[in-house]
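> The following block contains the structure, expressed as structure tokens.
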Amino acid sequence: MTGLDLRHAETDAEVAACFPVMTLLRPHLTGADELVARVARQRKAGYRILGAWRESAPVALAGYRTEENLIHGRFIYVDDLVTAENERSGGLGALLLDAVAAEGRRLGCDRLVLDTALDNVRAHRFYYRQGLLARALRFSQPIPPA
């Protein structure tokens, strides 16, 4: 992992630079401008993007926020975890998860939580190897317009 810099995307330009990697996980995003706008809104809830950067380009990303609820208490929630295709299986996902967990510990969180699609079997295997356990199913439905 030489030449790697772990740091947050703080500016709009840095968030925009995350688009090529983020779109691998979130293909519905229409462009870097939409990503920048969404991140700006989500920052109000504490959302941050931690990136593994090679030179000026991110090659892996973890989007996260702290939350609190009656189930988990105070926890750090990973919204997004994605690695560029040519960088996969190189330990970057584990590095980012460890860094996010350390940030959670620093912020007084008791748990790291994330969701993944039921059909994302490769991710399930990765998460189990990282010590995460499946503890629930999340149900959802669209809310139709009035």
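Identifiers for the structure tokens are assigned positionally: chains receive A, B, ... in sequence, residues are indexed from 1 per chain, and ligands are indexed from 1 in the order shown.
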Tell me, counting only C-alpha atoms, for each residue of segment 51-131 of chain A within 7 Å of segment 12-25 of chain A, which pair of atoms is nearest and how far apart they are in Å to one decimal, in rows ordered by chain and increasing number, as JSON lines.

{"residue": "A:Ala57", "atom": "CA", "partner": "A:Ala17", "partner_atom": "CA", "distance": 6.6}
{"residue": "A:Pro58", "atom": "CA", "partner": "A:Cys18", "partner_atom": "CA", "distance": 6.0}
{"residue": "A:Val59", "atom": "CA", "partner": "A:Val21", "partner_atom": "CA", "distance": 6.6}
{"residue": "A:Ala60", "atom": "CA", "partner": "A:Val21", "partner_atom": "CA", "distance": 6.8}
{"residue": "A:Val82", "atom": "CA", "partner": "A:Leu25", "partner_atom": "CA", "distance": 6.2}
{"residue": "A:Thr83", "atom": "CA", "partner": "A:Val21", "partner_atom": "CA", "distance": 6.7}
{"residue": "A:Ala84", "atom": "CA", "partner": "A:Val21", "partner_atom": "CA", "distance": 5.6}
> Neighbouring residues of Gln130 of chain A were defined as those with any atom within 12 Å, considering only C-alpha atoms; residues of the same chain fewer than 4 positions away were excluded. Please report them as a ChimeraX atom specification.
/A:91,93-98,101,112,123-126,134
> To test your reading of the structure, identify every residue in segment 17-121 of chain A that backbone DSSP assigns to strand (DSSP E), and report it as JSON, numbers by chain.
{"A": [48, 49, 50, 51, 52, 53, 54, 57, 58, 59, 60, 61, 62, 63, 64, 65, 66, 67, 68, 69, 73, 74, 75, 76, 77, 78, 79, 80, 81, 82, 83, 111, 112, 113, 114]}
> Which residue gives the smallest distance to Glu68 of chain A among A:Cys109, A:Asp115, A:Gly3, A:Gly131, with only C-alpha atoms counted?
A:Cys109
> By how many Å are atom CA of Trp53 of chain A and atom CA of Val100 of chain A apart?
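Atom-to-atom, atom CA of Trp53 of chain A and atom CA of Val100 of chain A are spaced 15.5 Å apart.
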> Tell me, as a list of chain:residue names, which residues lie within 8 Å of segment 62-66 of chain A, counting only C-alpha atoms; anything in the same chain fewer than 5 positions away does not count.
A:Ala45, A:Gly46, A:Tyr47, A:Arg48, A:Ile49, A:Leu50, A:Gly51, A:Arg74, A:Phe75, A:Ile76, A:Tyr77, A:Val78, A:Asp79, A:Asp80, A:Leu81, A:Val82, A:Leu96, A:Leu97, A:Val100, A:Gly104, A:Cys109
